[in-house]
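Just work_32.cif here, mmCIF, N, CA and C atoms:
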```cif
data_entry
#
loop_
_atom_site.group_PDB
_atom_site.id
_atom_site.type_symbol
_atom_site.label_atom_id
_atom_site.label_comp_id
_atom_site.auth_asym_id
_atom_site.auth_seq_id
_atom_site.Cartn_x
_atom_site.Cartn_y
_atom_site.Cartn_z
ATOM 1 N N MET A 1 1.575 -73.577 79.883
ATOM 2 C CA MET A 1 2.862 -74.176 79.558
ATOM 3 C C MET A 1 3.438 -74.795 80.820
ATOM 4 N N THR A 2 3.738 -76.060 80.759
ATOM 5 C CA THR A 2 4.348 -76.721 81.906
ATOM 6 C C THR A 2 5.818 -77.035 81.649
ATOM 7 N N ASP A 3 6.286 -76.783 80.445
ATOM 8 C CA ASP A 3 7.666 -77.098 80.086
ATOM 9 C C ASP A 3 8.583 -75.935 80.440
ATOM 10 N N HIS A 4 9.312 -76.107 81.525
ATOM 11 C CA HIS A 4 10.247 -75.069 81.964
ATOM 12 C C HIS A 4 11.702 -75.469 81.674
ATOM 13 N N GLY A 5 11.892 -76.436 80.791
ATOM 14 C CA GLY A 5 13.247 -76.840 80.426
ATOM 15 C C GLY A 5 13.916 -77.733 81.446
ATOM 16 N N ASP A 6 13.123 -78.385 82.290
ATOM 17 C CA ASP A 6 13.685 -79.228 83.347
ATOM 18 C C ASP A 6 14.417 -80.447 82.813
ATOM 19 N N ASP A 7 14.185 -80.805 81.547
ATOM 20 C CA ASP A 7 14.816 -81.996 80.982
ATOM 21 C C ASP A 7 16.278 -81.771 80.611
ATOM 22 N N PHE A 8 16.773 -80.551 80.752
ATOM 23 C CA PHE A 8 18.157 -80.251 80.410
ATOM 24 C C PHE A 8 19.041 -80.404 81.635
ATOM 25 N N ASP A 9 19.651 -81.546 81.787
ATOM 26 C CA ASP A 9 20.725 -81.760 82.758
ATOM 27 C C ASP A 9 20.376 -81.367 84.192
ATOM 28 N N GLY A 10 19.161 -81.662 84.640
ATOM 29 C CA GLY A 10 18.808 -81.440 86.039
ATOM 30 C C GLY A 10 18.630 -79.979 86.398
ATOM 31 N N PRO A 11 18.822 -79.643 87.666
ATOM 32 C CA PRO A 11 18.622 -78.267 88.129
ATOM 33 C C PRO A 11 19.542 -77.283 87.415
ATOM 34 N N MET A 12 19.031 -76.091 87.168
ATOM 35 C CA MET A 12 19.806 -75.089 86.452
ATOM 36 C C MET A 12 20.929 -74.548 87.340
ATOM 37 N N GLU A 13 22.120 -74.511 86.774
ATOM 38 C CA GLU A 13 23.260 -73.936 87.473
ATOM 39 C C GLU A 13 23.797 -72.786 86.644
ATOM 40 N N LEU A 14 24.335 -71.780 87.307
ATOM 41 C CA LEU A 14 24.872 -70.626 86.598
ATOM 42 C C LEU A 14 26.159 -70.982 85.880
ATOM 43 N N ASP A 15 26.278 -70.494 84.678
ATOM 44 C CA ASP A 15 27.471 -70.639 83.864
ATOM 45 C C ASP A 15 28.315 -69.381 84.067
ATOM 46 N N ALA A 16 29.593 -69.501 83.905
ATOM 47 C CA ALA A 16 30.467 -68.336 84.087
ATOM 48 C C ALA A 16 30.109 -67.205 83.126
ATOM 49 N N GLY A 17 29.520 -67.524 81.964
ATOM 50 C CA GLY A 17 29.179 -66.502 80.986
ATOM 51 C C GLY A 17 27.797 -65.907 81.177
ATOM 52 N N ALA A 18 26.996 -66.464 82.072
ATOM 53 C CA ALA A 18 25.629 -65.969 82.282
ATOM 54 C C ALA A 18 25.658 -64.676 83.087
ATOM 55 N N PRO A 19 24.763 -63.747 82.747
ATOM 56 C CA PRO A 19 24.712 -62.508 83.530
ATOM 57 C C PRO A 19 24.325 -62.794 84.984
ATOM 58 N N VAL A 20 24.906 -62.054 85.898
ATOM 59 C CA VAL A 20 24.572 -62.193 87.312
ATOM 60 C C VAL A 20 23.630 -61.055 87.664
ATOM 61 N N ARG A 21 22.405 -61.442 88.060
ATOM 62 C CA ARG A 21 21.382 -60.471 88.443
ATOM 63 C C ARG A 21 20.693 -60.990 89.685
ATOM 64 N N PRO A 22 20.161 -60.107 90.499
ATOM 65 C CA PRO A 22 19.361 -60.582 91.633
ATOM 66 C C PRO A 22 18.066 -61.209 91.109
ATOM 67 N N ASP A 23 17.507 -62.132 91.891
ATOM 68 C CA ASP A 23 16.297 -62.831 91.467
ATOM 69 C C ASP A 23 15.160 -61.861 91.149
ATOM 70 N N GLU A 24 15.089 -60.751 91.865
ATOM 71 C CA GLU A 24 14.032 -59.772 91.616
ATOM 72 C C GLU A 24 14.134 -59.213 90.193
ATOM 73 N N GLU A 25 15.357 -58.990 89.733
ATOM 74 C CA GLU A 25 15.554 -58.472 88.381
ATOM 75 C C GLU A 25 15.187 -59.535 87.343
ATOM 76 N N TRP A 26 15.570 -60.802 87.612
ATOM 77 C CA TRP A 26 15.180 -61.889 86.709
ATOM 78 C C TRP A 26 13.657 -61.996 86.647
ATOM 79 N N ALA A 27 12.981 -61.797 87.776
ATOM 80 C CA ALA A 27 11.516 -61.894 87.808
ATOM 81 C C ALA A 27 10.880 -60.822 86.924
ATOM 82 N N VAL A 28 11.423 -59.623 86.940
ATOM 83 C CA VAL A 28 10.895 -58.544 86.095
ATOM 84 C C VAL A 28 11.079 -58.905 84.620
ATOM 85 N N ILE A 29 12.273 -59.378 84.266
ATOM 86 C CA ILE A 29 12.544 -59.771 82.874
ATOM 87 C C ILE A 29 11.622 -60.916 82.473
ATOM 88 N N ALA A 30 11.455 -61.902 83.349
ATOM 89 C CA ALA A 30 10.563 -63.038 83.058
ATOM 90 C C ALA A 30 9.148 -62.551 82.802
ATOM 91 N N GLY A 31 8.694 -61.601 83.595
ATOM 92 C CA GLY A 31 7.355 -61.054 83.394
ATOM 93 C C GLY A 31 7.209 -60.386 82.037
ATOM 94 N N TYR A 32 8.222 -59.639 81.611
ATOM 95 C CA TYR A 32 8.192 -58.986 80.298
ATOM 96 C C TYR A 32 8.135 -60.021 79.174
ATOM 97 N N VAL A 33 8.974 -61.058 79.274
ATOM 98 C CA VAL A 33 9.022 -62.072 78.224
ATOM 99 C C VAL A 33 7.701 -62.839 78.185
ATOM 100 N N ARG A 34 7.176 -63.191 79.352
ATOM 101 C CA ARG A 34 5.887 -63.896 79.396
ATOM 102 C C ARG A 34 4.795 -63.034 78.765
ATOM 103 N N HIS A 35 4.778 -61.755 79.101
ATOM 104 C CA HIS A 35 3.775 -60.845 78.543
ATOM 105 C C HIS A 35 3.877 -60.808 77.014
ATOM 106 N N SER A 36 5.090 -60.739 76.483
ATOM 107 C CA SER A 36 5.282 -60.725 75.036
ATOM 108 C C SER A 36 4.781 -62.014 74.399
ATOM 109 N N ALA A 37 5.114 -63.149 74.993
ATOM 110 C CA ALA A 37 4.654 -64.431 74.454
ATOM 111 C C ALA A 37 3.135 -64.541 74.527
ATOM 112 N N ASN A 38 2.538 -64.044 75.604
ATOM 113 C CA ASN A 38 1.085 -64.080 75.739
ATOM 114 C C ASN A 38 0.395 -63.299 74.629
ATOM 115 N N LYS A 39 1.045 -62.257 74.128
ATOM 116 C CA LYS A 39 0.468 -61.459 73.044
ATOM 117 C C LYS A 39 0.360 -62.266 71.748
ATOM 118 N N LEU A 40 1.174 -63.313 71.606
ATOM 119 C CA LEU A 40 1.191 -64.125 70.391
ATOM 120 C C LEU A 40 0.445 -65.445 70.523
ATOM 121 N N GLY A 41 -0.099 -65.763 71.682
ATOM 122 C CA GLY A 41 -0.791 -67.039 71.828
ATOM 123 C C GLY A 41 -1.433 -67.185 73.178
ATOM 124 N N PRO A 42 -1.820 -68.425 73.489
ATOM 125 C CA PRO A 42 -2.507 -68.683 74.765
ATOM 126 C C PRO A 42 -1.685 -68.225 75.964
ATOM 127 N N ASP A 43 -2.388 -67.916 77.021
ATOM 128 C CA ASP A 43 -1.747 -67.413 78.243
ATOM 129 C C ASP A 43 -0.798 -68.424 78.856
ATOM 130 N N LEU A 44 0.327 -67.902 79.323
ATOM 131 C CA LEU A 44 1.278 -68.715 80.081
ATOM 132 C C LEU A 44 0.921 -68.593 81.560
ATOM 133 N N PRO A 45 1.252 -69.600 82.362
ATOM 134 C CA PRO A 45 0.835 -69.584 83.767
ATOM 135 C C PRO A 45 1.522 -68.495 84.589
ATOM 136 N N LEU A 46 0.834 -68.063 85.619
ATOM 137 C CA LEU A 46 1.391 -67.112 86.578
ATOM 138 C C LEU A 46 2.101 -67.930 87.651
ATOM 139 N N CYS A 47 3.335 -68.351 87.342
ATOM 140 C CA CYS A 47 4.005 -69.295 88.238
ATOM 141 C C CYS A 47 5.330 -68.793 88.795
ATOM 142 N N LEU A 48 5.564 -67.485 88.725
ATOM 143 C CA LEU A 48 6.746 -66.923 89.382
ATOM 144 C C LEU A 48 6.512 -66.850 90.886
ATOM 145 N N PRO A 49 7.561 -66.701 91.680
ATOM 146 C CA PRO A 49 7.370 -66.587 93.126
ATOM 147 C C PRO A 49 6.343 -65.505 93.478
ATOM 148 N N GLY A 50 5.405 -65.861 94.345
ATOM 149 C CA GLY A 50 4.368 -64.935 94.774
ATOM 150 C C GLY A 50 3.142 -64.907 93.881
ATOM 151 N N GLU A 51 3.152 -65.656 92.771
ATOM 152 C CA GLU A 51 2.003 -65.689 91.874
ATOM 153 C C GLU A 51 1.100 -66.882 92.199
ATOM 154 N N PRO A 52 -0.133 -66.873 91.697
ATOM 155 C CA PRO A 52 -1.106 -67.917 92.066
ATOM 156 C C PRO A 52 -0.661 -69.351 91.799
ATOM 157 N N ASP A 53 0.070 -69.587 90.706
ATOM 158 C CA ASP A 53 0.495 -70.949 90.359
ATOM 159 C C ASP A 53 1.997 -71.141 90.565
ATOM 160 N N GLU A 54 2.537 -70.521 91.602
ATOM 161 C CA GLU A 54 3.978 -70.567 91.871
ATOM 162 C C GLU A 54 4.504 -71.997 91.741
ATOM 163 N N CYS A 55 5.561 -72.164 90.917
ATOM 164 C CA CYS A 55 6.065 -73.515 90.645
ATOM 165 C C CYS A 55 7.370 -73.827 91.364
ATOM 166 N N GLY A 56 8.013 -72.824 91.957
ATOM 167 C CA GLY A 56 9.234 -73.074 92.712
ATOM 168 C C GLY A 56 10.512 -72.996 91.908
ATOM 169 N N ARG A 57 10.419 -72.817 90.607
ATOM 170 C CA ARG A 57 11.630 -72.693 89.788
ATOM 171 C C ARG A 57 12.157 -71.264 89.889
ATOM 172 N N PRO A 58 13.469 -71.078 89.705
ATOM 173 C CA PRO A 58 14.030 -69.722 89.804
ATOM 174 C C PRO A 58 13.556 -68.841 88.646
ATOM 175 N N SER A 59 13.527 -67.550 88.891
ATOM 176 C CA SER A 59 13.079 -66.589 87.881
ATOM 177 C C SER A 59 13.939 -66.647 86.625
ATOM 178 N N GLN A 60 15.246 -66.868 86.778
ATOM 179 C CA GLN A 60 16.120 -66.953 85.611
ATOM 180 C C GLN A 60 15.696 -68.107 84.711
ATOM 181 N N GLN A 61 15.272 -69.228 85.290
ATOM 182 C CA GLN A 61 14.815 -70.354 84.482
ATOM 183 C C GLN A 61 13.546 -69.984 83.717
ATOM 184 N N HIS A 62 12.691 -69.167 84.332
ATOM 185 C CA HIS A 62 11.498 -68.706 83.635
ATOM 186 C C HIS A 62 11.860 -67.811 82.455
ATOM 187 N N VAL A 63 12.860 -66.951 82.627
ATOM 188 C CA VAL A 63 13.303 -66.103 81.519
ATOM 189 C C VAL A 63 13.682 -66.986 80.334
ATOM 190 N N LEU A 64 14.471 -68.014 80.584
ATOM 191 C CA LEU A 64 14.932 -68.891 79.506
ATOM 192 C C LEU A 64 13.774 -69.670 78.884
ATOM 193 N N ALA A 65 12.914 -70.253 79.707
ATOM 194 C CA ALA A 65 11.806 -71.067 79.195
ATOM 195 C C ALA A 65 10.817 -70.214 78.405
ATOM 196 N N TRP A 66 10.485 -69.042 78.933
ATOM 197 C CA TRP A 66 9.514 -68.203 78.240
ATOM 198 C C TRP A 66 10.123 -67.538 77.011
ATOM 199 N N ALA A 67 11.422 -67.291 77.013
ATOM 200 C CA ALA A 67 12.075 -66.773 75.811
ATOM 201 C C ALA A 67 12.027 -67.830 74.703
ATOM 202 N N ALA A 68 12.215 -69.103 75.077
ATOM 203 C CA ALA A 68 12.091 -70.188 74.097
ATOM 204 C C ALA A 68 10.657 -70.265 73.571
ATOM 205 N N GLU A 69 9.691 -70.095 74.456
ATOM 206 C CA GLU A 69 8.282 -70.090 74.041
ATOM 207 C C GLU A 69 8.010 -68.929 73.093
ATOM 208 N N LEU A 70 8.535 -67.750 73.418
ATOM 209 C CA LEU A 70 8.356 -66.575 72.576
ATOM 210 C C LEU A 70 9.003 -66.789 71.207
ATOM 211 N N LYS A 71 10.196 -67.361 71.191
ATOM 212 C CA LYS A 71 10.888 -67.629 69.929
ATOM 213 C C LYS A 71 10.078 -68.612 69.076
ATOM 214 N N ALA A 72 9.532 -69.646 69.702
ATOM 215 C CA ALA A 72 8.727 -70.628 68.973
ATOM 216 C C ALA A 72 7.455 -69.985 68.417
ATOM 217 N N ARG A 73 6.796 -69.167 69.236
ATOM 218 C CA ARG A 73 5.571 -68.512 68.779
ATOM 219 C C ARG A 73 5.859 -67.537 67.643
ATOM 220 N N ALA A 74 6.970 -66.817 67.740
ATOM 221 C CA ALA A 74 7.339 -65.884 66.679
ATOM 222 C C ALA A 74 7.660 -66.640 65.386
ATOM 223 N N HIS A 75 8.375 -67.749 65.504
ATOM 224 C CA HIS A 75 8.703 -68.549 64.319
ATOM 225 C C HIS A 75 7.436 -69.102 63.676
ATOM 226 N N HIS A 76 6.517 -69.574 64.497
ATOM 227 C CA HIS A 76 5.245 -70.086 63.975
ATOM 228 C C HIS A 76 4.471 -68.971 63.276
ATOM 229 N N LEU A 77 4.510 -67.768 63.835
ATOM 230 C CA LEU A 77 3.848 -66.625 63.221
ATOM 231 C C LEU A 77 4.461 -66.321 61.852
ATOM 232 N N ILE A 78 5.777 -66.413 61.749
ATOM 233 C CA ILE A 78 6.446 -66.213 60.453
ATOM 234 C C ILE A 78 5.958 -67.264 59.466
ATOM 235 N N GLU A 79 5.951 -68.537 59.885
ATOM 236 C CA GLU A 79 5.549 -69.625 58.988
ATOM 237 C C GLU A 79 4.108 -69.482 58.505
ATOM 238 N N THR A 80 3.228 -69.047 59.384
ATOM 239 C CA THR A 80 1.813 -68.986 59.023
ATOM 240 C C THR A 80 1.415 -67.657 58.377
ATOM 241 N N SER A 81 2.269 -66.642 58.429
ATOM 242 C CA SER A 81 1.927 -65.328 57.894
ATOM 243 C C SER A 81 2.633 -64.993 56.584
ATOM 244 N N ALA A 82 3.693 -65.692 56.270
ATOM 245 C CA ALA A 82 4.463 -65.371 55.064
ATOM 246 C C ALA A 82 3.638 -65.670 53.818
ATOM 247 N N PRO A 83 3.730 -64.791 52.812
ATOM 248 C CA PRO A 83 2.958 -65.022 51.586
ATOM 249 C C PRO A 83 3.487 -66.191 50.750
ATOM 250 N N SER A 84 4.727 -66.598 51.022
ATOM 251 C CA SER A 84 5.295 -67.750 50.322
ATOM 252 C C SER A 84 6.283 -68.445 51.245
ATOM 253 N N GLU A 85 6.564 -69.701 50.922
ATOM 254 C CA GLU A 85 7.533 -70.446 51.719
ATOM 255 C C GLU A 85 8.918 -69.807 51.620
ATOM 256 N N ALA A 86 9.258 -69.296 50.434
ATOM 257 C CA ALA A 86 10.560 -68.659 50.245
ATOM 258 C C ALA A 86 10.683 -67.399 51.101
ATOM 259 N N ARG A 87 9.626 -66.592 51.163
ATOM 260 C CA ARG A 87 9.676 -65.373 51.980
ATOM 261 C C ARG A 87 9.809 -65.745 53.453
ATOM 262 N N GLY A 88 9.059 -66.746 53.889
ATOM 263 C CA GLY A 88 9.156 -67.201 55.272
ATOM 264 C C GLY A 88 10.551 -67.693 55.608
ATOM 265 N N ALA A 89 11.151 -68.433 54.689
ATOM 266 C CA ALA A 89 12.512 -68.941 54.904
ATOM 267 C C ALA A 89 13.510 -67.786 54.993
ATOM 268 N N HIS A 90 13.327 -66.756 54.169
ATOM 269 C CA HIS A 90 14.227 -65.600 54.217
ATOM 270 C C HIS A 90 14.104 -64.866 55.550
ATOM 271 N N VAL A 91 12.872 -64.641 55.990
ATOM 272 C CA VAL A 91 12.651 -63.916 57.244
ATOM 273 C C VAL A 91 13.176 -64.719 58.433
ATOM 274 N N ALA A 92 12.919 -66.038 58.437
ATOM 275 C CA ALA A 92 13.354 -66.890 59.552
ATOM 276 C C ALA A 92 14.846 -67.203 59.495
ATOM 277 N N GLY A 93 15.460 -67.008 58.331
ATOM 278 C CA GLY A 93 16.878 -67.325 58.172
ATOM 279 C C GLY A 93 17.750 -66.085 58.147
ATOM 280 N N PRO A 94 18.073 -65.581 56.930
ATOM 281 C CA PRO A 94 19.002 -64.463 56.823
ATOM 282 C C PRO A 94 18.584 -63.199 57.581
ATOM 283 N N LEU A 95 17.321 -62.819 57.481
ATOM 284 C CA LEU A 95 16.884 -61.605 58.179
ATOM 285 C C LEU A 95 17.013 -61.773 59.694
ATOM 286 N N TYR A 96 16.580 -62.927 60.203
ATOM 287 C CA TYR A 96 16.703 -63.213 61.641
ATOM 288 C C TYR A 96 18.164 -63.152 62.078
ATOM 289 N N ARG A 97 19.049 -63.790 61.315
ATOM 290 C CA ARG A 97 20.471 -63.817 61.692
ATOM 291 C C ARG A 97 21.082 -62.412 61.674
ATOM 292 N N ARG A 98 20.680 -61.566 60.720
ATOM 293 C CA ARG A 98 21.175 -60.190 60.707
ATOM 294 C C ARG A 98 20.725 -59.440 61.953
ATOM 295 N N ARG A 99 19.458 -59.581 62.300
ATOM 296 C CA ARG A 99 18.941 -58.882 63.483
ATOM 297 C C ARG A 99 19.619 -59.393 64.753
ATOM 298 N N LEU A 100 19.806 -60.712 64.839
ATOM 299 C CA LEU A 100 20.478 -61.287 66.002
ATOM 300 C C LEU A 100 21.912 -60.796 66.085
ATOM 301 N N GLY A 101 22.585 -60.712 64.941
ATOM 302 C CA GLY A 101 23.955 -60.211 64.917
ATOM 303 C C GLY A 101 24.045 -58.785 65.436
ATOM 304 N N LYS A 102 23.075 -57.946 65.078
ATOM 305 C CA LYS A 102 23.067 -56.567 65.573
ATOM 306 C C LYS A 102 22.859 -56.542 67.088
ATOM 307 N N LEU A 103 21.968 -57.385 67.587
ATOM 308 C CA LEU A 103 21.757 -57.451 69.036
ATOM 309 C C LEU A 103 23.004 -57.924 69.765
ATOM 310 N N ARG A 104 23.662 -58.908 69.219
ATOM 311 C CA ARG A 104 24.893 -59.417 69.843
ATOM 312 C C ARG A 104 25.979 -58.355 69.826
ATOM 313 N N GLY A 105 26.000 -57.510 68.805
ATOM 314 C CA GLY A 105 26.983 -56.438 68.710
ATOM 315 C C GLY A 105 26.805 -55.378 69.774
ATOM 316 N N ARG A 106 25.587 -55.271 70.316
ATOM 317 C CA ARG A 106 25.314 -54.279 71.378
ATOM 318 C C ARG A 106 25.740 -54.766 72.744
ATOM 319 N N ALA A 107 25.840 -56.080 72.915
ATOM 320 C CA ALA A 107 26.122 -56.643 74.243
ATOM 321 C C ALA A 107 27.525 -56.350 74.710
#
```

What is this file in structure tokens?
Amino acid sequence: MTDHGDDFDGPMELDAGAPVRPDEEWAVIAGYVRHSANKLGPDLPLCLPGEPDECGRPSQQHVLAWAAELKARAHHLIETSAPSEARGAHVAGPLYRRRLGKLRGRA
């Protein structure tokens, strides 16, 4: 994957609502998200700081890019695994929104 979301308004800047974490913590989270996405499809590059294909982007940007990759892979898995289009639509729609709502309630 070479798409790290660079097409969104230039270099990533922190928003007042974004969590503030040290880069080391973002790197750990990025590694977890990348590992999860790798379980659902082709390997993502080892491009965090200190890795063989280091790309120079901040770890927080990797968290966002790989989370988008994971979300896309999960959605594709729903589409290709559902026994019917209606079941897939339910899982990707109402069920997803309920689960997301519960996660947001914990924050």

- request: Point out the residue among A:Pro83, A:Ala37, A:Glu24, A:Arg104 with the least atom-to-atom distance to A:Ala67, counting all atoms listed in the file.
  value: A:Ala37

query: So which residues get picked by the PyMOL selection byres (((chain A and resi 65 and name CA) around 10) and name CA) here, written as a ChimeraX atom specification?
result: /A:1-6,30,33-34,59-64,66-71

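Straight-line separation from atom CA of A:Pro52 to atom CA of A:Arg21: 24.0 Å.
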
task: Report the distance between atom CA of A:Tyr32 and atom C of A:His90 in Å, rounded to one decimal place.
output: 26.1 Å

- prompt: Could you pull the residues within 10 Å of A:Gly88, counting only C-alpha atoms, minus those fewer than 4 positions along the same chain, as an MDAnalysis selection string?
  reply: chainID A and resid 75:84 92:93 95

Close residues, A:Cys55 itself excluded, 10 Å, only C-alpha atoms, min 6 positions apart in chain, as a ChimeraX atom specification: /A:2,4,45-49

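Between atom CA of A:Leu44 and atom CA of A:Trp26 lies a distance of 16.8 Å.
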
Could stretch 33-47 of chain A be completed with N, CA, C and O atoms and returned as a compact mmCIF listing (two decimals), in the coordinates of the input?
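Now in selection-v4.txt:
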```
# COMPACT_ATOMS: atom_id res chain seq x y z
N VAL A 33 8.97 -61.06 79.27
CA VAL A 33 9.02 -62.07 78.22
C VAL A 33 7.70 -62.84 78.18
O VAL A 33 7.16 -63.10 77.10
N ARG A 34 7.18 -63.19 79.35
CA ARG A 34 5.89 -63.90 79.40
C ARG A 34 4.80 -63.03 78.76
O ARG A 34 3.98 -63.52 77.98
N HIS A 35 4.78 -61.76 79.10
CA HIS A 35 3.78 -60.84 78.54
C HIS A 35 3.88 -60.81 77.01
O HIS A 35 2.85 -60.85 76.32
N SER A 36 5.09 -60.74 76.48
CA SER A 36 5.28 -60.72 75.04
C SER A 36 4.78 -62.01 74.40
O SER A 36 4.11 -61.98 73.37
N ALA A 37 5.11 -63.15 74.99
CA ALA A 37 4.65 -64.43 74.45
C ALA A 37 3.14 -64.54 74.53
O ALA A 37 2.50 -65.07 73.61
N ASN A 38 2.54 -64.04 75.60
CA ASN A 38 1.08 -64.08 75.74
C ASN A 38 0.40 -63.30 74.63
O ASN A 38 -0.73 -63.64 74.23
N LYS A 39 1.04 -62.26 74.13
CA LYS A 39 0.47 -61.46 73.04
C LYS A 39 0.36 -62.27 71.75
O LYS A 39 -0.44 -61.94 70.88
N LEU A 40 1.17 -63.31 71.61
CA LEU A 40 1.19 -64.12 70.39
C LEU A 40 0.44 -65.44 70.52
O LEU A 40 0.37 -66.20 69.56
N GLY A 41 -0.10 -65.76 71.68
CA GLY A 41 -0.79 -67.04 71.83
C GLY A 41 -1.43 -67.18 73.18
O GLY A 41 -1.56 -66.22 73.93
N PRO A 42 -1.82 -68.42 73.49
CA PRO A 42 -2.51 -68.68 74.76
C PRO A 42 -1.68 -68.22 75.96
O PRO A 42 -0.46 -68.18 75.91
N ASP A 43 -2.39 -67.92 77.02
CA ASP A 43 -1.75 -67.41 78.24
C ASP A 43 -0.80 -68.42 78.86
O ASP A 43 -1.08 -69.62 78.91
N LEU A 44 0.33 -67.90 79.32
CA LEU A 44 1.28 -68.72 80.08
C LEU A 44 0.92 -68.59 81.56
O LEU A 44 0.34 -67.60 82.00
N PRO A 45 1.25 -69.60 82.36
CA PRO A 45 0.84 -69.58 83.77
C PRO A 45 1.52 -68.50 84.59
O PRO A 45 2.63 -68.07 84.28
N LEU A 46 0.83 -68.06 85.62
CA LEU A 46 1.39 -67.11 86.58
C LEU A 46 2.10 -67.93 87.65
O LEU A 46 1.56 -68.19 88.72
N CYS A 47 3.34 -68.35 87.34
CA CYS A 47 4.00 -69.30 88.24
C CYS A 47 5.33 -68.79 88.80
O CYS A 47 6.14 -69.57 89.28
```
